[in-house]
>>> print(open('structure.cif').read())   # mmCIF, C-alpha atoms and all ligand atoms
data_work
loop_
_atom_site.label_atom_id
_atom_site.label_comp_id
_atom_site.auth_asym_id
_atom_site.auth_seq_id
_atom_site.Cartn_x
_atom_site.Cartn_y
_atom_site.Cartn_z
CA MET A 1 -9.89 -9.97 -13.94
CA PRO A 2 -8.15 -12.07 -11.29
CA LEU A 3 -5.55 -9.43 -10.54
CA SER A 4 -8.11 -6.87 -9.46
CA HIS A 5 -9.32 -9.14 -6.69
CA PRO A 6 -9.13 -7.66 -3.23
CA THR A 7 -7.71 -9.31 -0.19
CA ARG A 8 -8.65 -12.87 0.34
CA ARG A 9 -8.15 -14.72 3.54
CA GLY A 10 -6.96 -18.31 3.51
CA GLU A 11 -7.95 -20.94 6.00
CA THR A 12 -5.34 -19.64 8.42
CA GLY A 13 -6.83 -16.16 8.29
CA ALA A 14 -3.62 -14.80 6.79
CA VAL A 15 -3.86 -11.91 4.34
CA ARG A 16 -3.20 -12.95 0.77
CA ALA A 17 -2.96 -10.39 -1.97
CA ARG A 18 -1.24 -9.87 -5.29
CA GLY A 19 -1.34 -6.93 -7.63
CA LEU A 20 -1.37 -3.15 -7.44
CA TYR A 21 -1.46 -1.28 -4.15
CA ALA A 22 -2.38 2.27 -5.11
CA ILE A 23 -1.58 5.12 -2.73
CA THR A 24 -3.27 8.50 -2.93
CA PRO A 25 -1.29 11.69 -3.42
CA ASP A 26 -1.95 14.93 -1.50
CA ILE A 27 -5.04 16.24 -3.30
CA ALA A 28 -7.07 18.82 -1.36
CA ASP A 29 -10.08 18.76 -3.70
CA GLY A 30 -12.19 15.85 -2.44
CA GLY A 31 -14.21 15.55 -5.63
CA LEU A 32 -11.10 15.34 -7.75
CA LEU A 33 -9.53 12.81 -5.40
CA LEU A 34 -12.64 10.62 -5.47
CA ALA A 35 -12.89 10.77 -9.27
CA ARG A 36 -9.27 9.72 -9.71
CA VAL A 37 -9.57 6.92 -7.17
CA GLU A 38 -12.84 5.67 -8.71
CA ALA A 39 -11.14 5.44 -12.10
CA ALA A 40 -8.41 3.20 -10.69
CA LEU A 41 -10.48 1.10 -8.27
CA PRO A 42 -11.46 -1.69 -10.72
CA TRP A 43 -7.78 -2.45 -11.23
CA ILE A 44 -6.31 -2.27 -7.79
CA CYS A 45 -5.94 -4.74 -4.97
CA TRP A 46 -5.64 -2.33 -2.04
CA LEU A 47 -5.92 1.46 -1.65
CA GLN A 48 -3.91 3.44 0.87
CA TYR A 49 -5.12 6.89 1.87
CA ARG A 50 -1.97 8.97 2.32
CA ASN A 51 -2.13 12.72 2.73
CA LYS A 52 0.82 14.35 4.42
CA THR A 53 -0.51 17.93 4.31
CA ALA A 54 -4.28 17.91 4.98
CA ALA A 55 -5.72 19.02 8.30
CA PRO A 56 -7.38 16.26 10.39
CA ALA A 57 -10.91 17.30 9.39
CA LEU A 58 -10.10 17.10 5.68
CA ARG A 59 -8.40 13.73 6.10
CA ARG A 60 -11.51 12.41 7.83
CA ALA A 61 -13.84 13.88 5.20
CA GLN A 62 -11.81 12.42 2.37
CA LEU A 63 -11.74 9.02 4.03
CA ASP A 64 -15.51 9.14 4.57
CA ALA A 65 -15.93 9.76 0.83
CA LEU A 66 -13.44 7.10 -0.27
CA LEU A 67 -14.69 4.32 1.98
CA PRO A 68 -18.04 3.64 0.20
CA ALA A 69 -16.31 3.70 -3.18
CA CYS A 70 -13.75 1.17 -1.98
CA ARG A 71 -16.49 -1.00 -0.47
CA ALA A 72 -18.40 -0.93 -3.77
CA HIS A 73 -15.35 -2.42 -5.49
CA GLY A 74 -14.36 -4.78 -2.67
CA VAL A 75 -11.07 -2.96 -2.26
CA PRO A 76 -9.70 -2.67 1.28
CA LEU A 77 -8.92 0.90 2.39
CA ILE A 78 -5.78 1.33 4.47
CA VAL A 79 -4.95 4.57 6.29
CA ASN A 80 -1.37 5.81 6.33
CA ASP A 81 0.34 6.91 9.56
CA ASP A 82 -2.64 6.97 11.92
CA TRP A 83 -4.22 3.76 13.23
CA ARG A 84 -6.60 5.72 15.45
CA LEU A 85 -8.02 7.47 12.42
CA ALA A 86 -8.30 4.12 10.67
CA ALA A 87 -10.31 2.76 13.60
CA ASP A 88 -12.49 5.86 13.87
CA CYS A 89 -13.50 5.90 10.22
CA GLY A 90 -14.01 2.15 9.89
CA ALA A 91 -11.20 1.57 7.41
CA ASP A 92 -9.79 -1.90 6.79
CA GLY A 93 -6.36 -1.22 8.18
CA ALA A 94 -3.41 1.07 8.72
CA HIS A 95 0.15 1.44 7.47
CA LEU A 96 2.80 2.44 9.99
CA GLY A 97 6.34 3.61 9.38
CA GLU A 98 9.16 3.92 11.87
CA ASP A 99 7.75 7.18 13.31
CA ASP A 100 4.09 6.21 13.33
CA GLY A 101 3.67 4.39 16.61
CA ASP A 102 3.57 0.91 17.94
CA LEU A 103 2.43 -2.02 15.80
CA ARG A 104 1.32 -4.03 18.84
CA ALA A 105 -0.92 -1.20 20.02
CA ALA A 106 -2.35 -0.82 16.54
CA ARG A 107 -3.05 -4.55 16.25
CA ALA A 108 -4.71 -4.61 19.65
CA ALA A 109 -6.92 -1.66 18.75
CA LEU A 110 -7.78 -2.67 15.19
CA GLY A 111 -8.39 -6.34 15.88
CA PRO A 112 -7.14 -9.55 14.30
CA ASP A 113 -8.76 -9.05 10.90
CA ALA A 114 -7.35 -5.60 10.16
CA ILE A 115 -4.70 -5.21 7.49
CA LEU A 116 -1.71 -3.78 9.30
CA GLY A 117 1.32 -2.82 7.24
CA ALA A 118 4.82 -1.89 8.31
CA SER A 119 7.55 0.02 6.50
CA CYS A 120 10.73 -2.01 6.69
CA TYR A 121 12.82 0.10 4.29
CA ASP A 122 15.94 -1.98 3.54
CA SER A 123 15.91 -4.18 6.62
CA LEU A 124 14.91 -7.83 6.93
CA ALA A 125 15.44 -7.54 10.69
CA LEU A 126 12.80 -4.82 10.84
CA ALA A 127 10.49 -7.01 8.80
CA ARG A 128 10.89 -9.95 11.20
CA GLN A 129 10.18 -7.67 14.18
CA ALA A 130 7.17 -6.20 12.41
CA VAL A 131 5.59 -9.59 11.78
CA GLU A 132 6.26 -10.62 15.38
CA SER A 133 4.51 -7.42 16.45
CA GLY A 134 1.41 -8.10 14.42
CA ALA A 135 2.07 -6.77 10.93
CA SER A 136 0.07 -8.54 8.24
CA TYR A 137 2.31 -7.27 5.42
CA VAL A 138 5.79 -5.82 5.12
CA ALA A 139 6.89 -3.04 2.77
CA PHE A 140 10.39 -2.47 1.43
CA GLY A 141 11.69 0.60 -0.41
CA ALA A 142 12.60 2.81 -1.99
CA PHE A 143 13.65 0.58 -4.86
CA PHE A 144 14.05 3.44 -7.35
CA ASP A 145 14.35 7.21 -7.38
CA THR A 146 11.12 8.96 -6.49
CA THR A 147 10.07 12.57 -6.18
CA THR A 148 7.01 11.73 -4.07
CA LYS A 149 9.02 11.49 -0.86
CA ALA A 150 12.58 12.03 0.30
CA THR A 151 14.10 8.59 0.69
CA THR A 152 17.49 7.51 1.95
CA ARG A 153 17.35 3.73 1.89
CA ARG A 154 17.63 1.58 -1.21
CA PRO A 155 17.04 -2.16 -0.77
CA ASP A 156 18.25 -4.73 -3.24
CA PRO A 157 15.36 -6.53 -4.97
CA ALA A 158 16.78 -9.79 -3.58
CA MET A 159 15.48 -8.69 -0.18
CA LEU A 160 11.99 -9.47 -1.43
CA GLY A 161 12.97 -13.10 -1.90
CA GLY A 162 14.65 -13.17 1.50
CA ALA A 163 11.41 -12.06 3.10
CA ALA A 164 9.40 -14.96 1.68
CA ALA A 165 9.85 -17.01 4.83
CA LEU A 166 7.97 -14.41 6.84
CA GLY A 167 4.77 -15.75 5.35
CA VAL A 168 3.08 -12.38 4.80
CA PRO A 169 2.64 -10.36 1.61
CA ARG A 170 5.73 -8.45 0.53
CA VAL A 171 5.15 -4.95 -0.81
CA ALA A 172 7.66 -3.07 -2.95
CA ILE A 173 7.54 0.74 -3.11
CA GLY A 174 9.42 3.71 -4.46
CA GLY A 175 9.68 4.93 -8.04
CA ILE A 176 7.91 1.89 -9.45
CA THR A 177 6.84 2.11 -13.09
CA PRO A 178 5.24 -0.45 -15.41
CA ASP A 179 8.72 -0.95 -16.88
CA ASN A 180 10.59 -1.69 -13.66
CA ALA A 181 7.76 -3.49 -11.81
CA PRO A 182 8.38 -6.89 -13.46
CA GLN A 183 11.83 -7.24 -11.92
CA LEU A 184 10.39 -6.65 -8.46
CA VAL A 185 7.59 -9.14 -9.01
CA ALA A 186 10.12 -11.66 -10.30
CA ALA A 187 12.18 -11.06 -7.15
CA GLY A 188 9.18 -11.84 -4.95
CA ALA A 189 6.99 -8.75 -4.58
CA ASP A 190 3.36 -9.69 -4.03
CA LEU A 191 2.19 -6.12 -4.42
CA VAL A 192 3.71 -3.03 -5.97
CA ALA A 193 2.78 0.17 -4.16
CA VAL A 194 2.54 3.23 -6.38
CA VAL A 195 1.60 6.89 -5.96
CA SER A 196 2.69 9.00 -8.93
CA GLY A 197 2.67 6.28 -11.55
CA VAL A 198 -1.08 5.91 -11.09
CA PHE A 199 -2.40 9.20 -9.74
CA GLY A 200 0.10 11.42 -11.53
CA SER A 201 -1.19 10.02 -14.80
CA ALA A 202 -3.82 11.76 -16.90
CA ASP A 203 -5.57 8.38 -17.11
CA PRO A 204 -5.37 6.51 -13.76
CA ALA A 205 -7.37 3.55 -15.10
CA ALA A 206 -4.98 2.94 -17.98
CA ALA A 207 -1.98 3.53 -15.73
CA ALA A 208 -3.23 1.03 -13.17
CA GLN A 209 -3.82 -1.61 -15.83
CA ALA A 210 -0.29 -1.15 -17.14
CA TYR A 211 1.07 -2.30 -13.76
CA LEU A 212 -0.98 -5.47 -13.80
CA ARG A 213 1.00 -6.74 -16.76
CA ALA A 214 3.93 -7.23 -14.37
CA PHE A 215 1.90 -9.98 -12.73
CA THR A 216 1.04 -11.78 -15.95
CA PRO A 217 4.34 -12.08 -17.83
CA GLY A 218 3.88 -13.22 -21.39
CA ASP A 219 0.48 -11.58 -21.84
C1 LIG B 301 3.05 0.48 1.32
C2 LIG B 301 3.83 1.57 1.96
N1 LIG B 301 5.15 1.38 2.15
C3 LIG B 301 5.88 2.35 2.71
C4 LIG B 301 5.29 3.53 3.12
C5 LIG B 301 6.10 4.60 3.78
O1 LIG B 301 5.74 4.79 5.14
P1 LIG B 301 6.58 5.83 6.02
O2 LIG B 301 7.99 5.44 6.03
O3 LIG B 301 5.89 5.98 7.32
O4 LIG B 301 6.49 7.19 5.20
P2 LIG B 301 5.19 8.04 4.85
O5 LIG B 301 4.43 7.35 3.77
O6 LIG B 301 4.34 8.14 6.08
O7 LIG B 301 5.70 9.37 4.41
C6 LIG B 301 3.92 3.68 2.90
N2 LIG B 301 3.25 4.79 3.25
N3 LIG B 301 3.22 2.68 2.33
C1 LIG B 302 5.42 6.76 0.34
C2 LIG B 302 6.72 6.15 -0.01
N1 LIG B 302 7.41 5.37 0.87
C3 LIG B 302 8.58 4.95 0.37
C4 LIG B 302 9.55 4.13 1.10
O1 LIG B 302 10.62 3.86 0.56
O2 LIG B 302 9.23 3.75 2.23
S1 LIG B 302 8.84 5.50 -1.21
C5 LIG B 302 7.37 6.32 -1.20
C6 LIG B 302 6.87 7.12 -2.35
C7 LIG B 302 6.28 6.25 -3.43
O3 LIG B 302 5.75 7.08 -4.41
P1 LIG B 302 5.98 6.85 -5.96
O4 LIG B 302 5.22 5.64 -6.33
O5 LIG B 302 5.37 8.10 -6.58
O6 LIG B 302 7.44 6.77 -6.20
MG MG B 303 4.29 7.09 7.85
#
>>> encode(input="structure.cif", output="C-alpha cells")
Amino acid sequence: MPLSHPTRRGETGAVRARGLYAITPDIADGGLLLARVEAALPWICWLQYRNKTAAPALRRAQLDALLPACRAHGVPLIVNDDWRLAADCGADGAHLGEDDGDLRAARAALGPDAILGASCYDSLALARQAVESGASYVAFGAFFDTTTKATTRRPDPAMLGGAAALGVPRVAIGGITPDNAPQLVAAGADLVAVVSGVFGSADPAAAAQAYLRAFTPGD
C-alpha cells in the first residue's frame, strides 16, 4: 500500500509526502471521532485535527485520544490553527492560515523536524513567503465549492504546477471529491486535503481509498 505511507524524510530532511491528507470535522463525541479516524487511518498520509467549535479542554482531550492511534499507524498528526497546542500535546506539526500567527515563531517553537503547513489560498507570492518563513508544505484552495467553510478565493489548478519550484509538498483543498481529485494531482498536487468527502461518508475507509485512485491513474 505505498500510498498510505506517512511522511518520509529525504537526505535533505525535507518533508516528502503523497496521498490523502484527511482533516477532521467538528465532532464533539470523542469516541465517535476516534472511531471514524481509526477507520480512515490505514489509507491516509497525514491527519489534521481541525475543530472550530470545541472548547480548549475538549480539543486537548480529543488530540490526546487521536495521537496514539496516529502513532500506531505511522501517520503524522497536525494541529490546525494553534501551534502552541501542537507543541503541548506532542503532535507532529501545525497548520497556520493567515489569521493564525507567525510561521517563524511556530517553526522556532516546534523545531526543525515539525511539519508546518501554511494556507496560501490563491497566491504564489504567499507560498514563497511561507516557505521562506519555515513552512514545510503549502496549501492552495478552495479549488471547488465546499460547504465545510466559507471560502472566497478560487485558485486555478495551474497554480499547483507553478509552485513546484518551491520544493515542498503542494496541498490542494476545498470541495475535493474522488472525481475531481485526479485533475489536481495531474496539475501537481502532492496531497489532497479533504474533510467532508472522507468524514461525511458513512464509510470513511472506503471513501479514503477512493481518493487514492487519483494517485494511481490507470488502476
Ligand atoms: C491543509 C489545509 N489547507 C488549508 C486550511 C485552511 O486554513 P485556514 O485558512 O486557517 O482556515 P481554517 O481551516 O482554520 O478554518 C487548512 N486548515 N488545512
Ligand atoms: C478547511 C478548508 N480550507 C480551505 C481553503 O480554501 O483554505 S477549503 C476548506 C474546507 C475543506 O473541506 P471539504 O473537503 O469538506 O471541502
Ligand atoms: Mg486556520
>>> closest_residue(input="structure.cif", among="A:Arg128, A:His73, A:Arg107, A:Arg50", to="ligand MG 303 (chain B)", atoms="all atoms listed in the file")
A:Arg50
>>> residues_around(input="structure.cif", residues="Val198 in chain A", least_positions_apart="4", cutoff="8 Å", atoms="only C-alpha atoms", output="PyMOL selection string")
chain A and resi 22+40+194+203-205+207-208
>>> closest_residue(input="structure.cif", among="A:Leu63, A:Ala55, A:Ile23, A:Leu160", to="Ala189 in chain A", atoms="all atoms listed in the file")
A:Leu160
>>> closest_atom_pairs(input="structure.cif", of="chain A", to="ligand LIG 302 (chain B)", cutoff="8 Å", atoms="only C-alpha atoms and all ligand atoms", output="CSV")
residue,atom,partner,partner_atom,distance
A:Ile23,CA,B:LIG302,O4,7.7
A:Arg50,CA,B:LIG302,C1,8.0
A:Gly97,CA,B:LIG302,O2,7.7
A:Ser119,CA,B:LIG302,O2,5.9
A:Cys120,CA,B:LIG302,O2,7.4
A:Tyr121,CA,B:LIG302,O2,5.5
A:Ala139,CA,B:LIG302,O2,7.2
A:Phe140,CA,B:LIG302,O2,6.4
A:Gly141,CA,B:LIG302,O1,3.6
A:Ala142,CA,B:LIG302,O1,3.4
A:Phe143,CA,B:LIG302,O1,7.0
A:Phe144,CA,B:LIG302,O6,7.5
A:Asp145,CA,B:LIG302,O6,7.0
A:Thr146,CA,B:LIG302,O6,4.3
A:Thr147,CA,B:LIG302,O6,6.4
A:Thr148,CA,B:LIG302,O5,4.7
A:Lys149,CA,B:LIG302,C6,5.1
A:Ala150,CA,B:LIG302,S1,7.7
A:Thr151,CA,B:LIG302,O1,5.9
A:Thr152,CA,B:LIG302,O1,7.9
A:Arg153,CA,B:LIG302,O1,6.9
A:Arg154,CA,B:LIG302,O1,7.6
A:Ile173,CA,B:LIG302,S1,5.3
A:Gly174,CA,B:LIG302,S1,3.8
A:Gly175,CA,B:LIG302,O6,3.4
A:Ile176,CA,B:LIG302,O4,5.6
A:Thr177,CA,B:LIG302,O4,7.8
A:Ala193,CA,B:LIG302,O4,6.4
A:Val194,CA,B:LIG302,O4,3.6
A:Val195,CA,B:LIG302,O4,3.8
A:Ser196,CA,B:LIG302,O5,3.7
A:Gly197,CA,B:LIG302,O4,5.8
A:Val198,CA,B:LIG302,O4,7.9
A:Gly200,CA,B:LIG302,O5,8.0
>>> write_last_selection(input="structure.cif", atoms="C-alpha atoms", output="PDB file, keeping the file's coordinate frame")
ATOM      1  CA  ILE A  23      -1.580   5.120  -2.730  1.00  0.00           C
ATOM      2  CA  ARG A  50      -1.970   8.970   2.320  1.00  0.00           C
ATOM      3  CA  GLY A  97       6.340   3.610   9.380  1.00  0.00           C
ATOM      4  CA  SER A 119       7.550   0.020   6.500  1.00  0.00           C
ATOM      5  CA  CYS A 120      10.730  -2.010   6.690  1.00  0.00           C
ATOM      6  CA  TYR A 121      12.820   0.100   4.290  1.00  0.00           C
ATOM      7  CA  ALA A 139       6.890  -3.040   2.770  1.00  0.00           C
ATOM      8  CA  PHE A 140      10.390  -2.470   1.430  1.00  0.00           C
ATOM      9  CA  GLY A 141      11.690   0.600  -0.410  1.00  0.00           C
ATOM     10  CA  ALA A 142      12.600   2.810  -1.990  1.00  0.00           C
ATOM     11  CA  PHE A 143      13.650   0.580  -4.860  1.00  0.00           C
ATOM     12  CA  PHE A 144      14.050   3.440  -7.350  1.00  0.00           C
ATOM     13  CA  ASP A 145      14.350   7.210  -7.380  1.00  0.00           C
ATOM     14  CA  THR A 146      11.120   8.960  -6.490  1.00  0.00           C
ATOM     15  CA  THR A 147      10.070  12.570  -6.180  1.00  0.00           C
ATOM     16  CA  THR A 148       7.010  11.730  -4.070  1.00  0.00           C
ATOM     17  CA  LYS A 149       9.020  11.490  -0.860  1.00  0.00           C
ATOM     18  CA  ALA A 150      12.580  12.030   0.300  1.00  0.00           C
ATOM     19  CA  THR A 151      14.100   8.590   0.690  1.00  0.00           C
ATOM     20  CA  THR A 152      17.490   7.510   1.950  1.00  0.00           C
ATOM     21  CA  ARG A 153      17.350   3.730   1.890  1.00  0.00           C
ATOM     22  CA  ARG A 154      17.630   1.580  -1.210  1.00  0.00           C
ATOM     23  CA  ILE A 173       7.540   0.740  -3.110  1.00  0.00           C
ATOM     24  CA  GLY A 174       9.420   3.710  -4.460  1.00  0.00           C
ATOM     25  CA  GLY A 175       9.680   4.930  -8.040  1.00  0.00           C
ATOM     26  CA  ILE A 176       7.910   1.890  -9.450  1.00  0.00           C
ATOM     27  CA  THR A 177       6.840   2.110 -13.090  1.00  0.00           C
ATOM     28  CA  ALA A 193       2.780   0.170  -4.160  1.00  0.00           C
ATOM     29  CA  VAL A 194       2.540   3.230  -6.380  1.00  0.00           C
ATOM     30  CA  VAL A 195       1.600   6.890  -5.960  1.00  0.00           C
ATOM     31  CA  SER A 196       2.690   9.000  -8.930  1.00  0.00           C
ATOM     32  CA  GLY A 197       2.670   6.280 -11.550  1.00  0.00           C
ATOM     33  CA  VAL A 198      -1.080   5.910 -11.090  1.00  0.00           C
ATOM     34  CA  GLY A 200       0.100  11.420 -11.530  1.00  0.00           C
TER      35      GLY A 200
END
>>> residues_near_ligand(input="structure.cif", ligand="ligand MG 303 (chain B)", cutoff="12 Å", atoms="all atoms listed in the file", output="PyMOL selection string")
chain A and resi 48-52+79-83+94-102+117-121+139+149
>>> closest_residue(input="structure.cif", among="A:Leu67, A:Leu47, A:Leu32, A:Ala130", to="ligand LIG 301 (chain B)", atoms="all atoms listed in the file")
A:Leu47
>>> atom_distance(input="structure.cif", atom1="CA of Arg104 in chain A", atom2="CA of Gly134 in chain A")
6.0 Å
>>> closest_residue(input="structure.cif", among="A:Cys89, A:Leu212, A:Ile78, A:Ala187", to="ligand LIG 301 (chain B)", atoms="all atoms listed in the file")
A:Ile78
>>> atom_distance(input="structure.cif", atom1="CA of Pro178 in chain A", atom2="CA of Ala54 in chain A")
29.0 Å
>>> atom_distance(input="structure.cif", atom1="atom P1 of ligand LIG 301 (chain B)", atom2="CA of Ala72 in chain A")
27.7 Å
